[in-house]
$ cat my_file30.csv   # CSV, C-alpha atoms and all ligand atoms
chain,number,residue,atom,x,y,z
A,378,MET,CA,83.7,-96.3,-55.4
A,379,LYS,CA,85.8,-94.4,-57.8
A,380,THR,CA,83.6,-92.3,-60.1
A,381,ARG,CA,84.6,-90.2,-63.1
A,382,GLY,CA,82.8,-87.0,-64.0
A,383,TYR,CA,83.1,-83.3,-64.9
A,384,ALA,CA,83.1,-80.6,-62.3
A,385,ALA,CA,83.0,-76.8,-62.0
A,386,HIS,CA,85.7,-75.6,-59.6
A,387,ALA,CA,84.9,-71.9,-59.7
A,388,ALA,CA,82.1,-69.7,-61.1
A,389,ASP,CA,84.3,-68.2,-63.8
A,390,LYS,CA,86.2,-71.3,-64.9
A,391,PRO,CA,85.2,-74.0,-67.4
A,392,LEU,CA,84.2,-77.5,-66.1
A,393,THR,CA,87.0,-80.0,-66.2
A,394,PRO,CA,87.4,-83.8,-65.7
A,395,PHE,CA,87.1,-84.8,-62.0
A,396,GLU,CA,87.4,-88.0,-60.1
A,397,PHE,CA,85.7,-88.6,-56.8
A,398,GLU,CA,84.3,-91.3,-54.6
A,399,ARG,CA,80.6,-92.4,-54.3
A,400,ARG,CA,79.5,-94.2,-51.2
A,401,ALA,CA,79.1,-98.0,-51.4
A,402,PRO,CA,75.4,-98.8,-51.8
A,403,GLY,CA,73.5,-99.2,-48.5
A,404,ASP,CA,70.7,-101.6,-47.8
A,405,ARG,CA,68.0,-99.4,-49.5
A,406,ASP,CA,70.3,-98.0,-52.2
A,407,VAL,CA,70.5,-98.6,-55.9
A,408,LEU,CA,73.8,-98.3,-57.8
A,409,ILE,CA,73.2,-96.9,-61.2
A,410,GLU,CA,75.6,-96.9,-64.1
A,411,ILE,CA,74.8,-93.7,-65.8
A,412,ASP,CA,74.3,-93.7,-69.6
A,413,PHE,CA,73.0,-90.2,-70.3
A,414,CYS,CA,72.5,-86.9,-68.5
A,415,GLY,CA,70.7,-83.8,-69.8
A,416,ILE,CA,72.1,-80.3,-69.5
A,417,CYS,CA,69.5,-78.1,-67.8
A,418,HIS,CA,69.8,-74.3,-67.7
A,419,SER,CA,69.8,-74.7,-63.9
A,420,ASP,CA,73.1,-76.5,-64.2
A,421,ILE,CA,74.5,-73.3,-65.8
A,422,HIS,CA,73.0,-71.0,-63.1
A,423,VAL,CA,74.6,-73.2,-60.4
A,424,ALA,CA,78.0,-73.9,-62.1
A,425,ARG,CA,78.4,-70.1,-62.5
A,426,ASN,CA,77.0,-69.4,-59.0
A,427,GLU,CA,74.3,-67.2,-60.4
A,428,TRP,CA,71.9,-68.1,-57.5
A,429,GLY,CA,74.7,-67.4,-55.0
A,430,ARG,CA,74.7,-70.8,-53.1
A,431,THR,CA,77.1,-73.0,-55.1
A,432,VAL,CA,79.5,-75.3,-53.2
A,433,PHE,CA,82.6,-76.1,-55.3
A,434,PRO,CA,83.7,-78.5,-56.7
A,435,CYS,CA,80.2,-78.9,-58.2
A,436,VAL,CA,79.3,-81.8,-60.4
A,437,PRO,CA,76.0,-80.7,-62.0
A,438,GLY,CA,73.4,-82.9,-63.7
A,439,HIS,CA,69.9,-83.9,-62.6
A,440,GLU,CA,68.4,-85.5,-65.8
A,441,ILE,CA,69.9,-88.9,-65.3
A,442,ILE,CA,69.2,-92.1,-67.2
A,443,GLY,CA,71.1,-95.3,-66.5
A,444,ARG,CA,70.9,-99.0,-65.7
A,445,VAL,CA,70.7,-100.7,-62.3
A,446,ALA,CA,74.1,-102.3,-61.6
A,447,LYS,CA,73.4,-103.4,-58.0
A,448,VAL,CA,70.7,-103.2,-55.4
A,449,GLY,CA,71.0,-103.2,-51.5
A,450,LYS,CA,69.4,-106.1,-49.6
A,451,ASP,CA,66.3,-104.1,-48.6
A,452,ALA,CA,65.9,-102.4,-52.0
A,453,LYS,CA,63.0,-104.3,-53.6
A,454,ARG,CA,61.7,-102.0,-56.4
A,455,PHE,CA,64.3,-102.5,-59.0
A,456,LYS,CA,66.2,-105.3,-60.7
A,457,GLU,CA,69.7,-105.4,-62.0
A,458,GLY,CA,69.8,-104.3,-65.6
A,459,GLN,CA,66.6,-102.3,-65.4
A,460,ARG,CA,66.4,-98.9,-67.2
A,461,VAL,CA,65.9,-96.2,-64.5
A,462,GLY,CA,66.1,-92.5,-64.0
A,463,VAL,CA,67.0,-90.0,-61.3
A,464,GLY,CA,65.8,-86.4,-61.3
A,465,CYS,CA,66.4,-83.3,-59.3
A,466,PHE,CA,66.4,-84.7,-55.7
A,467,VAL,CA,67.7,-87.8,-54.0
A,468,ASN,CA,66.3,-87.6,-50.4
A,469,SER,CA,63.7,-85.9,-48.2
A,470,CYS,CA,62.3,-86.4,-44.7
A,471,ARG,CA,59.5,-88.7,-45.8
A,472,THR,CA,57.4,-87.9,-42.8
A,473,CYS,CA,56.1,-84.3,-43.2
A,474,ALA,CA,52.7,-83.6,-44.8
A,475,SER,CA,54.2,-82.8,-48.2
A,476,CYS,CA,56.3,-86.0,-48.3
A,477,GLN,CA,53.3,-88.1,-47.1
A,478,ARG,CA,51.4,-86.7,-50.1
A,479,GLY,CA,54.2,-87.7,-52.5
A,480,HIS,CA,55.3,-84.0,-52.8
A,481,GLU,CA,58.8,-84.7,-51.7
A,482,ASN,CA,59.8,-81.7,-53.9
A,483,TYR,CA,58.0,-79.5,-51.3
A,484,CYS,CA,59.4,-81.3,-48.2
A,485,GLU,CA,58.9,-79.0,-45.2
A,486,LYS,CA,62.3,-80.0,-43.8
A,487,GLY,CA,64.0,-79.3,-47.1
A,488,PHE,CA,65.0,-82.0,-49.6
A,489,THR,CA,68.4,-83.2,-50.8
A,490,LEU,CA,69.1,-82.0,-54.3
A,491,THR,CA,70.9,-84.4,-56.6
A,492,TYR,CA,73.8,-82.0,-56.6
A,493,GLY,CA,74.8,-79.1,-54.3
A,494,SER,CA,73.0,-80.3,-51.1
A,495,VAL,CA,74.4,-81.6,-47.9
A,496,ASP,CA,74.0,-85.4,-47.9
A,497,ALA,CA,73.1,-87.5,-44.8
A,498,ASP,CA,76.8,-88.2,-44.3
A,499,GLY,CA,77.7,-84.4,-44.4
A,500,THR,CA,79.3,-84.4,-47.8
A,501,ASN,CA,78.1,-82.3,-50.7
A,502,THR,CA,76.0,-84.2,-53.2
A,503,LEU,CA,77.5,-84.6,-56.7
A,504,GLY,CA,75.3,-85.0,-59.8
A,505,GLY,CA,74.8,-86.8,-63.0
A,506,TYR,CA,77.7,-85.5,-65.2
A,507,SER,CA,79.4,-88.7,-64.0
A,508,SER,CA,79.8,-92.4,-64.7
A,509,ARG,CA,77.7,-93.8,-61.7
A,510,ILE,CA,75.5,-92.7,-58.8
A,511,VAL,CA,74.1,-94.3,-55.7
A,512,VAL,CA,70.5,-93.3,-54.7
A,513,ASP,CA,67.9,-94.5,-52.2
A,514,GLU,CA,65.4,-96.6,-54.2
A,515,HIS,CA,62.6,-94.3,-53.2
A,516,PHE,CA,64.0,-91.6,-55.4
A,517,VAL,CA,64.6,-93.8,-58.5
A,518,VAL,CA,62.0,-94.0,-61.2
A,519,ASN,CA,61.3,-96.6,-63.9
A,520,ILE,CA,61.8,-95.6,-67.6
A,521,PRO,CA,59.1,-97.2,-69.8
A,522,ASP,CA,60.4,-99.5,-72.5
A,523,GLY,CA,60.2,-98.0,-76.0
A,524,LEU,CA,61.4,-94.6,-75.0
A,525,ASP,CA,64.9,-93.8,-76.5
A,526,PRO,CA,67.0,-93.5,-73.3
A,527,ALA,CA,69.1,-90.5,-74.4
A,528,ALA,CA,66.1,-88.5,-75.5
A,529,ALA,CA,64.2,-89.6,-72.3
A,530,ALA,CA,66.9,-88.1,-70.0
A,531,PRO,CA,65.4,-84.5,-70.1
A,532,LEU,CA,62.0,-85.8,-68.9
A,533,LEU,CA,63.6,-86.1,-65.5
A,534,CYS,CA,63.7,-82.3,-65.1
A,535,ALA,CA,62.3,-80.5,-68.1
A,536,GLY,CA,59.5,-83.0,-68.5
A,537,ILE,CA,58.3,-83.1,-64.9
A,538,THR,CA,58.8,-79.4,-64.3
A,539,THR,CA,56.3,-78.6,-67.1
A,540,TYR,CA,54.0,-81.6,-66.6
A,541,SER,CA,53.3,-81.0,-62.9
A,542,PRO,CA,52.0,-77.3,-63.1
A,543,LEU,CA,50.1,-77.9,-66.3
A,544,ARG,CA,48.2,-80.7,-64.6
A,545,GLU,CA,47.9,-78.6,-61.4
A,546,VAL,CA,46.0,-75.8,-63.3
A,547,GLY,CA,43.8,-78.5,-64.8
A,548,LEU,CA,44.9,-78.1,-68.4
A,549,LYS,CA,42.7,-80.3,-70.6
A,550,LYS,CA,41.3,-80.8,-74.1
A,551,GLY,CA,40.4,-77.4,-75.5
A,552,SER,CA,42.2,-75.3,-72.8
A,553,ARG,CA,44.2,-72.4,-74.2
A,554,VAL,CA,47.8,-72.3,-73.0
A,555,ALA,CA,50.8,-70.2,-73.9
A,556,VAL,CA,54.4,-71.3,-73.4
A,557,MET,CA,56.9,-68.5,-73.0
A,558,GLY,CA,60.5,-69.3,-74.0
A,559,LEU,CA,61.1,-72.2,-76.4
A,560,GLY,CA,64.2,-73.9,-74.8
A,561,GLY,CA,64.6,-77.2,-72.9
A,562,LEU,CA,61.6,-76.7,-70.6
A,563,GLY,CA,59.5,-74.8,-73.2
A,564,HIS,CA,59.7,-77.4,-75.9
A,565,MET,CA,58.6,-80.1,-73.4
A,566,GLY,CA,55.8,-77.8,-72.3
A,567,VAL,CA,54.6,-77.6,-75.9
A,568,LYS,CA,54.7,-81.3,-76.4
A,569,LEU,CA,53.0,-82.2,-73.1
A,570,ALA,CA,50.3,-79.5,-73.4
A,571,ALA,CA,49.5,-80.6,-76.9
A,572,SER,CA,49.3,-84.2,-75.7
A,573,PHE,CA,46.6,-83.1,-73.2
A,574,GLY,CA,44.6,-81.8,-76.1
A,575,ALA,CA,45.2,-78.1,-75.3
A,576,GLU,CA,45.5,-75.4,-77.9
A,577,VAL,CA,49.2,-74.2,-77.6
A,578,THR,CA,50.7,-70.8,-78.4
A,579,VAL,CA,54.4,-70.2,-78.2
A,580,LEU,CA,55.6,-66.7,-77.1
A,581,SER,CA,59.2,-66.4,-78.1
A,582,HIS,CA,61.8,-63.7,-78.5
A,583,SER,CA,63.5,-65.8,-81.3
A,584,PRO,CA,61.4,-65.4,-84.5
A,585,ALA,CA,63.5,-68.1,-86.2
A,586,LYS,CA,61.9,-70.8,-83.9
A,587,GLU,CA,58.5,-70.6,-85.5
A,588,ALA,CA,58.8,-73.7,-87.7
A,589,ASP,CA,60.1,-75.7,-84.8
A,590,ALA,CA,57.3,-74.5,-82.5
A,591,ARG,CA,54.7,-75.7,-85.0
A,592,ARG,CA,56.5,-79.0,-85.6
A,593,LEU,CA,56.6,-79.6,-81.8
A,594,GLY,CA,52.8,-79.2,-81.6
A,595,ALA,CA,52.1,-75.5,-81.2
A,596,HIS,CA,49.1,-74.1,-83.0
A,597,GLU,CA,50.3,-70.5,-83.0
A,598,PHE,CA,53.6,-68.7,-82.7
A,599,VAL,CA,53.8,-65.1,-81.6
A,600,PRO,CA,57.2,-63.2,-81.6
A,601,THR,CA,57.4,-61.1,-78.4
A,602,SER,CA,60.0,-58.6,-79.5
A,603,GLY,CA,58.6,-55.2,-80.6
A,604,ASP,CA,56.1,-52.9,-79.0
A,605,GLY,CA,52.5,-54.1,-78.9
A,606,ALA,CA,53.5,-57.6,-79.8
A,607,LEU,CA,51.1,-59.1,-77.3
A,608,ASP,CA,48.1,-56.7,-77.8
A,609,LYS,CA,46.1,-59.1,-80.0
A,610,LEU,CA,46.4,-61.8,-77.3
A,611,ALA,CA,44.7,-59.8,-74.5
A,612,GLY,CA,42.4,-62.0,-72.3
A,613,ARG,CA,43.1,-65.2,-74.3
A,614,PHE,CA,44.8,-67.9,-72.2
A,615,ASP,CA,43.7,-70.1,-69.4
A,616,ALA,CA,47.3,-70.5,-68.4
A,617,ILE,CA,50.8,-69.3,-69.4
A,618,LEU,CA,53.8,-71.4,-68.7
A,619,ASP,CA,56.8,-69.0,-68.2
A,620,THR,CA,60.1,-70.8,-68.7
A,621,ILE,CA,62.3,-67.8,-69.4
A,622,SER,CA,65.8,-68.0,-67.8
A,623,ALA,CA,66.5,-64.3,-67.6
A,624,LYS,CA,64.9,-61.1,-66.4
A,625,HIS,CA,61.8,-60.3,-68.5
A,626,ASP,CA,58.5,-58.5,-68.4
A,627,VAL,CA,55.6,-60.5,-66.9
A,628,ASN,CA,53.0,-57.7,-66.8
A,629,GLY,CA,52.3,-57.9,-70.6
A,630,PRO,CA,51.8,-61.7,-70.4
A,631,LEU,CA,49.5,-61.4,-67.4
A,632,GLY,CA,47.3,-59.2,-69.5
A,633,CYS,CA,47.0,-62.1,-72.0
A,634,LEU,CA,45.3,-64.3,-69.4
A,635,ARG,CA,41.6,-64.6,-69.3
A,636,PRO,CA,40.0,-63.5,-66.0
A,637,GLU,CA,41.2,-65.8,-63.2
A,638,GLY,CA,43.8,-67.4,-65.4
A,639,THR,CA,47.2,-68.4,-64.0
A,640,LEU,CA,50.7,-67.5,-65.0
A,641,ILE,CA,52.9,-70.4,-64.0
A,642,LEU,CA,56.5,-69.3,-63.3
A,643,VAL,CA,59.1,-72.1,-63.7
A,644,GLY,CA,61.9,-70.1,-65.2
A,645,ALA,CA,64.3,-69.1,-62.4
A,646,ALA,CA,65.9,-65.8,-63.5
A,647,PRO,CA,68.7,-64.8,-61.0
A,648,THR,CA,67.2,-61.3,-60.8
A,649,ASN,CA,63.8,-60.3,-59.4
A,650,LEU,CA,60.9,-59.7,-61.7
A,651,GLU,CA,58.6,-56.7,-61.4
A,652,VAL,CA,54.9,-57.3,-61.1
A,653,SER,CA,52.3,-54.5,-61.4
A,654,PRO,CA,49.5,-55.0,-58.8
A,655,PHE,CA,47.0,-54.0,-61.4
A,656,ALA,CA,48.1,-56.8,-63.7
A,657,LEU,CA,46.9,-59.3,-61.0
A,658,ILE,CA,44.0,-57.3,-59.4
A,659,PHE,CA,42.0,-56.8,-62.6
A,660,GLY,CA,40.5,-60.1,-63.5
A,661,ARG,CA,41.7,-61.7,-60.3
A,662,ARG,CA,44.6,-63.2,-62.3
A,663,LYS,CA,47.0,-65.5,-60.5
A,664,MET,CA,50.7,-66.1,-60.5
A,665,MET,CA,52.2,-69.4,-59.2
A,666,GLY,CA,55.6,-70.9,-58.9
A,667,SER,CA,56.3,-74.6,-59.4
A,668,LEU,CA,59.4,-76.7,-58.6
A,669,VAL,CA,59.9,-79.9,-60.6
A,670,GLY,CA,57.5,-82.6,-59.2
A,671,GLY,CA,57.2,-85.4,-56.6
A,672,ILE,CA,58.2,-89.0,-57.2
A,673,PRO,CA,54.7,-90.4,-57.8
A,674,GLU,CA,54.0,-87.6,-60.3
A,675,THR,CA,57.3,-88.1,-62.0
A,676,GLN,CA,56.5,-91.8,-62.6
A,677,GLU,CA,53.0,-90.7,-63.8
A,678,MET,CA,54.6,-88.3,-66.3
A,679,LEU,CA,57.1,-90.9,-67.5
A,680,ASP,CA,54.2,-93.4,-68.0
A,681,HIS,CA,52.2,-90.8,-69.9
A,682,CYS,CA,55.3,-90.1,-72.1
A,683,GLY,CA,55.7,-93.9,-72.7
A,684,ARG,CA,52.0,-94.2,-73.8
A,685,HIS,CA,52.3,-91.1,-76.1
A,686,GLY,CA,55.8,-91.7,-77.3
A,687,ILE,CA,57.0,-88.3,-76.0
A,688,THR,CA,60.7,-87.6,-75.5
A,689,SER,CA,62.9,-84.6,-75.8
A,690,ASP,CA,64.5,-83.3,-79.0
A,691,ILE,CA,68.2,-83.6,-78.2
A,692,GLU,CA,71.8,-83.1,-79.3
A,693,LEU,CA,74.0,-85.8,-77.9
A,694,ILE,CA,77.5,-84.7,-77.0
A,695,THR,CA,80.7,-86.1,-75.5
A,696,PRO,CA,81.8,-84.8,-72.1
A,697,ASP,CA,84.6,-82.6,-73.6
A,698,ARG,CA,81.8,-80.5,-75.2
A,699,ILE,CA,80.0,-79.6,-72.0
A,700,ASN,CA,81.5,-76.1,-71.8
A,701,GLU,CA,80.6,-75.4,-75.5
A,702,ALA,CA,77.1,-76.7,-74.8
A,703,TYR,CA,76.8,-74.2,-72.0
A,704,GLU,CA,77.7,-71.3,-74.3
A,705,ARG,CA,75.4,-72.5,-77.0
A,706,THR,CA,72.5,-72.9,-74.5
A,707,LEU,CA,73.1,-69.3,-73.3
A,708,LYS,CA,72.8,-68.1,-76.9
A,709,GLY,CA,69.6,-70.1,-77.4
A,710,ASP,CA,71.5,-72.2,-80.0
A,711,VAL,CA,70.2,-75.7,-79.0
A,712,LYS,CA,67.5,-77.9,-80.4
A,713,TYR,CA,66.3,-78.3,-77.8
A,714,ARG,CA,68.3,-80.0,-75.1
A,715,PHE,CA,72.0,-81.1,-74.9
A,716,VAL,CA,72.5,-84.6,-73.4
A,717,VAL,CA,75.9,-85.9,-72.3
A,718,ASP,CA,76.9,-89.4,-73.3
A,719,CYS,CA,78.1,-90.5,-69.9
A,720,ALA,CA,79.6,-93.8,-71.2
A,721,LYS,CA,82.4,-91.5,-72.4
A,722,PHE,CA,83.5,-90.2,-68.9
B,1,LIG,P1,66.9,-72.8,-71.9
B,1,LIG,O1,66.9,-74.1,-72.6
B,1,LIG,O2,68.1,-72.0,-71.9
B,1,LIG,O3,65.6,-72.0,-72.4
B,1,LIG,C1,65.3,-70.8,-71.9
B,1,LIG,C2,64.5,-70.0,-73.0
B,1,LIG,O4,64.2,-68.7,-72.4
B,1,LIG,C3,65.3,-69.7,-74.2
B,1,LIG,O5,65.3,-70.7,-75.1
B,1,LIG,C4,64.6,-68.4,-74.7
B,1,LIG,O6,63.5,-68.8,-75.5
B,1,LIG,C5,64.1,-67.8,-73.5
B,1,LIG,N1,65.0,-66.6,-73.1
B,1,LIG,C6,66.3,-66.7,-72.7
B,1,LIG,N2,66.8,-65.5,-72.4
B,1,LIG,C7,65.8,-64.6,-72.6
B,1,LIG,C8,65.7,-63.2,-72.5
B,1,LIG,N3,66.7,-62.5,-72.1
B,1,LIG,N4,64.4,-62.7,-72.8
B,1,LIG,C9,63.4,-63.4,-73.2
B,1,LIG,N5,63.5,-64.8,-73.3
B,1,LIG,C10,64.6,-65.4,-73.1
B,1,LIG,O7,66.6,-73.1,-70.3
B,1,LIG,P2,65.8,-74.3,-69.6
B,1,LIG,O8,66.7,-75.4,-69.3
B,1,LIG,O9,64.5,-74.5,-70.4
B,1,LIG,O10,65.5,-73.6,-68.2
B,1,LIG,C11,64.7,-72.4,-68.2
B,1,LIG,C12,64.6,-71.8,-66.8
B,1,LIG,O11,63.9,-72.7,-65.9
B,1,LIG,C13,66.0,-71.6,-66.1
B,1,LIG,O12,66.0,-70.4,-65.4
B,1,LIG,C14,66.1,-72.8,-65.2
B,1,LIG,O13,67.0,-72.6,-64.1
B,1,LIG,C15,64.7,-72.9,-64.8
B,1,LIG,N6,64.3,-74.2,-64.3
B,1,LIG,C16,63.3,-74.3,-63.3
B,1,LIG,C17,62.8,-75.5,-62.8
B,1,LIG,C18,61.8,-75.5,-61.8
B,1,LIG,O14,61.6,-76.5,-61.1
B,1,LIG,N7,61.0,-74.4,-61.6
B,1,LIG,C19,63.3,-76.7,-63.3
B,1,LIG,C20,64.3,-76.6,-64.3
B,1,LIG,C21,64.7,-75.4,-64.8
B,1,LIG,P3,63.0,-68.0,-76.8
B,1,LIG,O15,64.3,-68.0,-77.7
B,1,LIG,O16,62.0,-68.9,-77.4
B,1,LIG,O17,62.6,-66.7,-76.4
B,2,ZN,ZN,66.7,-78.9,-64.3
B,3,ZN,ZN,59.3,-84.0,-45.9

$ encode --input "my_file30.csv" --output "structure tokens"
Amino acid sequence: MKTRGYAAHAADKPLTPFEFERRAPGDRDVLIEIDFCGICHSDIHVARNEWGRTVFPCVPGHEIIGRVAKVGKDAKRFKEGQRVGVGCFVNSCRTCASCQRGHENYCEKGFTLTYGSVDADGTNTLGGYSSRIVVDEHFVVNIPDGLDPAAAAPLLCAGITTYSPLREVGLKKGSRVAVMGLGGLGHMGVKLAASFGAEVTVLSHSPAKEADARRLGAHEFVPTSGDGALDKLAGRFDAILDTISAKHDVNGPLGCLRPEGTLILVGAAPTNLEVSPFALIFGRRKMMGSLVGGIPETQEMLDHCGRHGITSDIELITPDRINEAYERTLKGDVKYRFVVDCAKF
């Protein structure tokens, strides 16, 4: 099926309009007409080959919202016209221990990313900066009524990537959490942590974001630039959610954890970070990584957002502004997620 989209053809070239074929829906597939797709910083890392594994042409996009246009004969979970979403992956082995637990995102045999993975038929998967997509129904989620569909798109990555580890560390009413980096992930982290009843502090290298941080639900805002900026926070937090997309110091933030607290790393800087052993040894502090979330937990997060009326703060753009949106995201000039209007492809 002919599909229109935008693709990167080389790491140092802008994305351009691109036409390609999607497979016809199989028996367990759902054909989705895409309405909106968020722009995640991971799209930029991949389009520019910053993680070193990009296959070109690359159609990024894994924060997909659309409507079901057709279902295969064995696909029973969705009806035509239903509002649905697709996140960061579209297949996994479904038999390993992780898949059996609903943690398809940690599939032991490796999962199939929404873009940039080898699909079952040997082709390279192409993502959501496009007019339609065909996905096995297992990897499609329902979008609660009442959520604005464009503003709900970022929940499919930024939402679940912050929800999952905050739940995993047991964040609850009265917990103290810091969110480092107020971008797409960070602003969802603030909203979700506040919705769990936690006391939220934003650590940001952009002092101008203070008013926004408070509006989003933060109780405190601490600018991180300048020597000694974190001194007054020593031993404070149960958890820190680190969403920073570039190389940065983690030893100072580790000192802001209470004993046995956890620094959750979700930001995926292309360069290694340096950790002092002492920052972890003293106080038995922990550092964990986390990668998006499994399908059951993604649905749980969406239902939570439906109940609490949580969506992303977005700037809706037409496809011809994708390259400009990349530049503005890199400068931190976005409030707080760009979403592409995919009806315009
Ligand atoms: P984003 O919107 O660009 O936000 C990143 C934020 O990091 C910026 O707003 C900025 O916040 C801070 N920052 C950027 N450069 C910095 C620097 N040099 N020093 C200190 N702080 C800096 O990006 P995003 O879409 O939220 O993604 C964030 C990272 O998470 C990316 O690396 C992305 O690939 C990764 N990611 C991981 C997963 C996962 O499953 N683990 C999922 C999605 C994305 P302030 O201005 O407030 O300082
Ligand atoms: Zn993402
Ligand atoms: Zn598996």

$ atom_distance --input "my_file30.csv" --atom1 "CA of Val716 (chain A)" --atom2 "CA of Lys379 (chain A)"
22.7 Å

$ residues_around --input "my_file30.csv" --residues "Val567 (chain A)" --least-positions-apart "6" --cutoff "12 Å" --atoms "only C-alpha atoms" --output "PyMOL selection string"
chain A and resi 535-536+539-540+543+553-561+573-580+589-598+617-620+687-690+713

$ closest_residue --input "my_file30.csv" --among "A:Asp608, A:Asp496, A:Glu651, A:Asp710" --to "ligand LIG 1 (chain B)" --atoms "only C-alpha atoms and all ligand atoms"
A:Asp710

$ atom_distance --input "my_file30.csv" --atom1 "CA of Cys534 (chain A)" --atom2 "atom C15 of ligand LIG 1 (chain B)"
9.5 Å

$ closest_residue --input "my_file30.csv" --among "A:Ala656, A:Val599, A:Ala527, A:Ala446" --to "Ile691 (chain A)" --atoms "all atoms listed in the file"
A:Ala527

$ closest_atom_pairs --input "my_file30.csv" --of "chain A" --to "ligand LIG 1 (chain B)" --cutoff "6 Å" --atoms "all atoms listed in the file" --output "Markdown table"
| residue | atom | partner | partner_atom | distance |
| --- | --- | --- | --- | --- |
| A:Cys417 | CA | B:LIG1 | O8 | 4.2 |
| A:His418 | CA | B:LIG1 | O8 | 3.7 |
| A:Ser419 | CA | B:LIG1 | O13 | 3.5 |
| A:Cys534 | CA | B:LIG1 | C20 | 5.8 |
| A:Ala535 | CA | B:LIG1 | C20 | 5.8 |
| A:Thr538 | CA | B:LIG1 | O14 | 5.1 |
| A:Gly558 | CA | B:LIG1 | O6 | 3.4 |
| A:Leu559 | CA | B:LIG1 | O16 | 3.6 |
| A:Gly560 | CA | B:LIG1 | O3 | 3.4 |
| A:Gly561 | CA | B:LIG1 | O9 | 3.7 |
| A:Leu562 | CA | B:LIG1 | O9 | 3.6 |
| A:Gly563 | CA | B:LIG1 | O9 | 5.7 |
| A:Ser581 | CA | B:LIG1 | O17 | 3.8 |
| A:His582 | CA | B:LIG1 | O17 | 3.7 |
| A:Ser583 | CA | B:LIG1 | O15 | 4.3 |
| A:Thr620 | CA | B:LIG1 | C11 | 4.9 |
| A:Ile621 | CA | B:LIG1 | O4 | 3.7 |
| A:Ser622 | CA | B:LIG1 | O12 | 3.4 |
| A:Ala623 | CA | B:LIG1 | N3 | 4.9 |
| A:His625 | CA | B:LIG1 | N4 | 5.6 |
| A:Val643 | CA | B:LIG1 | N7 | 3.6 |
| A:Gly644 | CA | B:LIG1 | O11 | 3.4 |
| A:Ala645 | CA | B:LIG1 | O12 | 3.7 |
| A:Ala646 | CA | B:LIG1 | O12 | 5.0 |
| A:Ser667 | CA | B:LIG1 | N7 | 5.2 |
| A:Leu668 | CA | B:LIG1 | O14 | 3.3 |
| A:Val669 | CA | B:LIG1 | O14 | 3.8 |
| A:Thr706 | CA | B:LIG1 | O2 | 5.2 |
| A:Leu707 | CA | B:LIG1 | O2 | 5.9 |
| A:Gly709 | CA | B:LIG1 | O5 | 4.9 |

$ residues_around --input "my_file30.csv" --residues "Pro647 (chain A)" --least-positions-apart "5" --cutoff "8 Å" --atoms "all atoms listed in the file" --output "PyMOL selection string"
chain A and resi 422+427-428+623-624

$ write_last_selection --input "my_file30.csv" --atoms "C-alpha atoms" --output "short mmCIF file (atom, residue, chain, number, x, y, z; two decimals), keeping the file's coordinate frame"
data_model
loop_
_atom_site.label_atom_id
_atom_site.label_comp_id
_atom_site.auth_asym_id
_atom_site.auth_seq_id
_atom_site.Cartn_x
_atom_site.Cartn_y
_atom_site.Cartn_z
CA HIS A 422 73.00 -71.00 -63.10
CA GLU A 427 74.30 -67.20 -60.40
CA TRP A 428 71.90 -68.10 -57.50
CA ALA A 623 66.50 -64.30 -67.60
CA LYS A 624 64.90 -61.10 -66.40
#

$ residues_near_point --input "my_file30.csv" --point "(79.8, -81.7, -59.2)" --cutoff "6 Å" --atoms "all atoms listed in the file" --output "ChimeraX atom specification"
/A:384,434-437,503-504

$ closest_residue --input "my_file30.csv" --among "A:Lys453, A:Arg684, A:Arg430, A:His439" --to "ligand ZN 2 (chain B)" --atoms "all atoms listed in the file"
A:His439

$ residues_near_point --input "my_file30.csv" --point "(65.9, -85.0, -63.9)" --cutoff "8 Å" --atoms "only C-alpha atoms" --output "NGL selection string"
:A and (415 or 438-441 or 462-465 or 530-535 or 537)

$ residues_near_ligand --input "my_file30.csv" --ligand "ligand ZN 3 (chain B)" --cutoff "9 Å" --atoms "all atoms listed in the file" --output "PyMOL selection string"
chain A and resi 469-477+480-488

$ closest_residue --input "my_file30.csv" --among "A:Val423, A:Ala385, A:Leu392, A:Val517" --to "ligand ZN 2 (chain B)" --atoms "all atoms listed in the file"
A:Val423

$ atom_distance --input "my_file30.csv" --atom1 "CA of Val407 (chain A)" --atom2 "CA of Glu677 (chain A)"
20.8 Å

$ closest_residue --input "my_file30.csv" --among "A:Thr380, A:Thr695, A:Thr648, A:Asn468" --to "Arg509 (chain A)" --atoms "all atoms listed in the file"
A:Thr380

$ closest_residue --input "my_file30.csv" --among "A:Gly382, A:Gly632, A:Gly686, A:Gly505" --to "ligand ZN 2 (chain B)" --atoms "only C-alpha atoms and all ligand atoms"
A:Gly505

$ decode --input "my_file30.csv" --residues "region 397-411 of chain A" --atoms "C-alpha atoms" --output "PDB file, in the first residue's frame"
ATOM      1  CA  PHE A 397       7.107   3.876   0.182  1.00  0.00           C
ATOM      2  CA  GLU A 398       5.031   0.682   0.402  1.00  0.00           C
ATOM      3  CA  ARG A 399       3.477  -0.799   3.557  1.00  0.00           C
ATOM      4  CA  ARG A 400       2.555  -4.487   3.610  1.00  0.00           C
ATOM      5  CA  ALA A 401      -1.120  -5.311   3.179  1.00  0.00           C
ATOM      6  CA  PRO A 402      -2.609  -6.130   6.612  1.00  0.00           C
ATOM      7  CA  GLY A 403      -2.224  -9.808   7.548  1.00  0.00           C
ATOM      8  CA  ASP A 404      -4.733 -11.820   9.580  1.00  0.00           C
ATOM      9  CA  ARG A 405      -3.645 -10.410  12.956  1.00  0.00           C
ATOM     10  CA  ASP A 406      -2.779  -6.925  11.722  1.00  0.00           C
ATOM     11  CA  VAL A 407      -4.453  -3.584  12.146  1.00  0.00           C
ATOM     12  CA  LEU A 408      -4.208  -0.905   9.446  1.00  0.00           C
ATOM     13  CA  ILE A 409      -4.009   2.506  11.098  1.00  0.00           C
ATOM     14  CA  GLU A 410      -4.513   5.845   9.349  1.00  0.00           C
ATOM     15  CA  ILE A 411      -2.098   8.045  11.295  1.00  0.00           C
TER      16      ILE A 411
END
